[in-house]
Each structure stands twice: as structure tokens, then as C-alpha cells.
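Participant: Below are the C-alpha cells for one structure; questions will follow.
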Amino acid sequence: MNKLISEEFGKTANGEPINKYILRNENGMQVEIINFGAIITSLKVPDRDGKFDDVVLGFKNSEDYFNSNQYTYGAVVGRYANRIANARFSIKCKEYQVTKNEGNNHIHGGKQGFSNKIWNAEILENSESCSLALHYLSEDGEEGYPGNLSVKVLYTLTDENALEIEYSATTDQPTIINLTQHSYFNLSGDHSQEITDHQLQLNADHYLPIDQHSIPTSELSDVKESPFDFSSMKEIGKDINLDHKQLKLGKGYDHCWVLNGNGLRSAGNLFHQKTGRNMEIFTTEPGIQLYTGNFLDGKFETKTGGKNNFRTGLCLETQHFPDSPNRSSFPSTVLNPDEKYESKTVYKFSVIY
Ligand code: BGC
């Protein structure tokens, strides 16, 4: 059975204490989560020789989590992950303006999104397993969003080496919601190495092309015969530097793939040949944003030594499509007071010999 222990992590600039919660399973796999931003600060999994390494990027200095403004490192991103064009949307003919924090657009919930908030932690235990629940109340008007939104994120580490993330939320006024986990993975365990040698497979026949501001155009493109085809295992570096308009716009991959099927199903696999580490992703979400760390700039020291340079981590963010609030053809992200938002994503680790 898995175990959960808590320790002091540090203090925010305002002196508020933040705790670290360590979940460990019977195989020795371990995840560390803090109640600031619901951030995963460490995730240790074995390679094919049984050697444990940390496979998510993180800061060497704990204060950097509070002060760096690199708000996406391992955090839960919301109220709306990804972009909203012109930072504007309407629900039932009423228009709302949210914070513009990427040019004219809104990204990742605004300047002080969920990734910068202190969450209330609750340890849940039964005879089978233990989980960490994190709660946050996002008040009406925060970053311009309507409605008091009560959010819960439940992290469970199973003895099958799966990290399960279950999101739920309710609101007292119609609002929009799109939550994701923004860990930067590097399965090599050496965070100064580029992730271009990782292999990826995605269960997606289509992706959403973007414009120069990374907002989806109105097209839905077939991945076939394009650098965006990950329908069978392909090295990420194989096509990433090709002279292709979409890769130039994203400075690499920074796009949303439209996942096949619905319900909780496999979204794909990330594999690292040298270490044998494999991560399978399952989700209830319609899309997955692959972001290959194209804006990582080596500003911070990593916990494994060296700097987080260009493409030393990649994100596989399960989510609804970018700018959904302004696209009637995309699955809706509106949450009404009589509804419950529920979403689940699982990152399951194994080794391939
Ligand atoms: C976005 C990137 C962005 C990164 C860090 C990703 O989800 O797609 O464009 O740079 O998050 O905020």
C-alpha cells in the first residue's frame, strides 16, 4: 500500500508556510506535491535497471517556485489553461474580459492563476490507498472570471506506478473552466539534456494549427504526412526542426492534438530508449497540448544540476481546446451552477526492455 508523509517546504514572500506531501508506493515510486500551485516538485520512477530518477523539471531553490514567475513548472493551471483570444468571451450573451497576460490574449488563468495560489490540503486514507486532495476557492471576479468556483484536485499514486489526477469543480454562476497539469517531463532523469531523443506516440488523427499568436485557426488538420504525425512511435527530434510553417510559429511543437475517442482512454505514450522509461497517458479530455519547452531559456538552476535550457523538458497537457469559449464548434468549457466539472488524467510508468 502507498504512504503519504508531509513536511515543511518553505515560506512564500508573505511568510505563509507551504507544505510538501510525499506519496510513495510499494515499489518505491515517489511523488512530491506542494500546496502552492498544486505543484508536483518531484516524481521519481525506476529505469530498466531499477535506478530511480526524477523525471519532472523543478527548481533547485524552493523560493524559485514562489518568486520565479515561471508559473507553469509542475503546477495545476486554471481557471482556463491555454489561450483565450483577445482575453474575451461571452456566456449567454454577457461578455467578460479577463486579464491580458500574453499580448492581447489570456493564457493559463492570468497573472495570478491557480498555479500561484495557496491550496488547502487534505490527506485521504483508506485501507487500500492514500491520496492528497487540494482545494481552492476562486472568487467571483478573480482575473475577470465570473462566479465563485470551488475546485478540488485529487492526486493518487497507485501500486501499479500510476499517478492519477482527478479534477472537480462547482460554481455559483455560469463560468468557464479548463484545468490541466503542467509538468515538464524529462524521462532521462538528466534535466540538462534535450528531450528530442524521447519517442512519442499520440492517439490523434488531427491537430489544431495555430496563428502567429498561438491561437487556433479555424482548421482541423489531418496529421498524416506531416511533422505532426505521431500515430506510431516517433522520435520528437525527427521532424521538429523541419522548415514547416506550423513548427516555425510554435518554435517547435506547441500545439493541441485532437484525441481520438472519448471517455477515459489512452492518449499516447512517451518513451525514452536509453533508460527504458515509458509513460502512458490516459485522459477523459478531448485534447492534449504537446509543448516541447521551446521557451525554456536556462535562467534557473535545475535540481539535478545544470540549467533548464531550450527543450530540456516537454509538457503533455491534457485539456479542452484552446480558445474554446469563442468557438462554437469545439466541445464546450462552460460550467453552470447545477453541474459538476469532472476530469481525470493518469500518467502511468513502466519500463520497456
Ligand atoms: C504553452 C506555451 C507556453 C508554456 C509556458 C504552454 O502550455 O503552450 O506556449 O510557453 O505553456 O507557459
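Chain lettering (A, B, ...) mirrors the order of the C-alpha cells, residue numbering begins at 1 for each chain separately, and ligand numbering begins at 1 in order of display.
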As a list in words, please: every residue in range 121-239 of chain A that DSSP puts in helix (DSSP H, G or I).

Facilitator: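 Checking each residue of range 121-239 of chain A, the helix (DSSP H, G or I) ones are Glu142, Glu143, Gly144, Ile195, Thr196 and Asp197 of chain A.
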
Participant: Could you pull out the strand (DSSP E) residues of range 73-311 of chain A from DSSP and send them as a VMD selection string?

Facilitator: chain A and resid 76 to 77 83 to 84 88 to 91 94 to 97 106 to 107 120 to 125 130 to 138 149 to 157 162 to 171 175 to 176 180 to 181 199 to 202 204 to 208 221 to 222 234 to 235 254 to 259 265 to 272 277 to 283 287 to 291

Participant: Could you list, with a cut-off of 7 Å and counting only C-alpha atoms and all ligand atoms, the residues of chain A near ligand 1, each shown with its nearest atom pair and the distance in Å rounded to one decimal, rows sorted by chain and ascending number, as CSV?

Facilitator:
```
residue,atom,partner,partner_atom_place_in_ligand_line,distance
A:Thr72,CA,ligand 1,12 (O),5.6
A:Asn82,CA,ligand 1,7 (O),5.7
A:Asp254,CA,ligand 1,8 (O),5.2
A:His255,CA,ligand 1,8 (O),6.8
A:Gln289,CA,ligand 1,8 (O),6.8
A:Tyr291,CA,ligand 1,8 (O),5.6
A:Phe295,CA,ligand 1,10 (O),5.8
```

Participant: With 9 Å as the cut-off and only C-alpha atoms counted, what is the closest atom pair between each nearby residue of range 73-148 of chain A and range 333-338 of chain A? Distances in Å to one decimal, ordered by chain and number, as CSV.

Facilitator:
```
residue,atom,partner,partner_atom,distance
A:Tyr80,CA,A:Thr333,CA,8.9
A:Ile91,CA,A:Val334,CA,7.8
A:Gly147,CA,A:Pro337,CA,8.9
```

Participant: Deliver the residues from the most recent selection as a file, using N, CA, C and O atoms, as an mmCIF file, in the first residue's frame.

Facilitator:
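And here is the file that came out, again-v6.cif:
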```cif
data_model
loop_
_atom_site.group_PDB
_atom_site.id
_atom_site.type_symbol
_atom_site.label_atom_id
_atom_site.label_comp_id
_atom_site.auth_asym_id
_atom_site.auth_seq_id
_atom_site.Cartn_x
_atom_site.Cartn_y
_atom_site.Cartn_z
ATOM 1 N N TYR A 80 -8.576 28.852 -16.691
ATOM 2 C CA TYR A 80 -8.598 28.368 -18.067
ATOM 3 C C TYR A 80 -7.174 28.156 -18.559
ATOM 4 O O TYR A 80 -6.440 29.116 -18.799
ATOM 5 N N ILE A 91 -20.838 34.449 -22.233
ATOM 6 C CA ILE A 91 -21.699 33.331 -21.825
ATOM 7 C C ILE A 91 -23.106 33.908 -21.779
ATOM 8 O O ILE A 91 -23.339 34.934 -21.130
ATOM 9 N N GLY A 147 -18.259 34.114 -11.244
ATOM 10 C CA GLY A 147 -18.673 33.002 -10.375
ATOM 11 C C GLY A 147 -17.625 32.590 -9.363
ATOM 12 O O GLY A 147 -16.421 32.611 -9.645
#
```

Participant: Distance CA of Glu16 in chain A-CA of Leu43 in chain A, one decimal place?

Facilitator: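 Going from CA of Glu16 in chain A over to CA of Leu43 in chain A covers 24.6 Å.
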
Participant: Can you pull out the residues contacting Asp197 in chain A? Cut-off 8 Å, using only C-alpha atoms, and skip same-chain residues under 4 positions away; I want them as a list in words.

Facilitator: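 Answer for this query is Glu235, Ile236, Gly237 and His272 of chain A.
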
Participant: What lies within 10 Å of Phe52 in chain A using only C-alpha atoms, ignoring chain neighbours under 5 positions off, as a list in words?

Facilitator: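 Listed by chain and then number, they are Gly28, Met29, Gln30, Leu43, Lys44, Val45, Pro46, Asp47 and Gly189 of chain A.
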
Participant: I'd like to know which of A:Ile176, A:Leu290, A:Ile165, A:Ala121 is closest to Lys348 in chain A, using only C-alpha atoms.

Facilitator: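 Answer, going by the shortest atom-to-atom distance: A:Ile165.
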
Participant: Quick one: residues within 8 Å of Ile352 in chain A, only C-alpha atoms counted, chain neighbours fewer than 6 positions away excluded, as a PyMOL selection string?

Facilitator: chain A and resi 48+276-278

Participant: Can you tell me which residues surround Glu8 in chain A at a distance of at most 8 Å, considering only C-alpha atoms, apart from same-chain residues fewer than 3 positions away, and format the answer as a list in words?

Facilitator: Pro17, Ile18, Asn19 and Lys20 of chain A

Participant: Selection from above, C-alpha atoms, as a PDB file, in the first residue's frame, can you write it?

Facilitator:
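Written out: result-v4.pdb:
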```pdb
ATOM      1  CA  PRO A  17       4.149  28.316   5.323  1.00  0.00           C
ATOM      2  CA  ILE A  18       3.902  25.808   2.478  1.00  0.00           C
ATOM      3  CA  ASN A  19       3.991  22.061   2.988  1.00  0.00           C
ATOM      4  CA  LYS A  20       5.333  19.262   0.860  1.00  0.00           C
TER       5      LYS A  20
END
```

Participant: Quick one, how far is CA of Glu194 in chain A from CA of Pro227 in chain A?

Facilitator: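 About the pair CA of Glu194 in chain A and CA of Pro227 in chain A: they are 18.6 Å apart.
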
Participant: Pick out the residues sitting within 7 Å of Asn178 in chain A, and hand them over as a PyMOL selection string; count only C-alpha atoms, and ignore anything fewer than 2 positions along from it in its own chain.

Facilitator: chain A and resi 78-81+180+319-320+333

Participant: Given only C-alpha atoms as the basis, pick out the residue of A:Leu208, A:Ala133, A:Val98, A:Val76 nearest to Tyr21 in chain A.

Facilitator: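 Checking each of A:Leu208, A:Ala133, A:Val98, A:Val76 against Tyr21 in chain A, counting only C-alpha atoms, the winner is A:Ala133.
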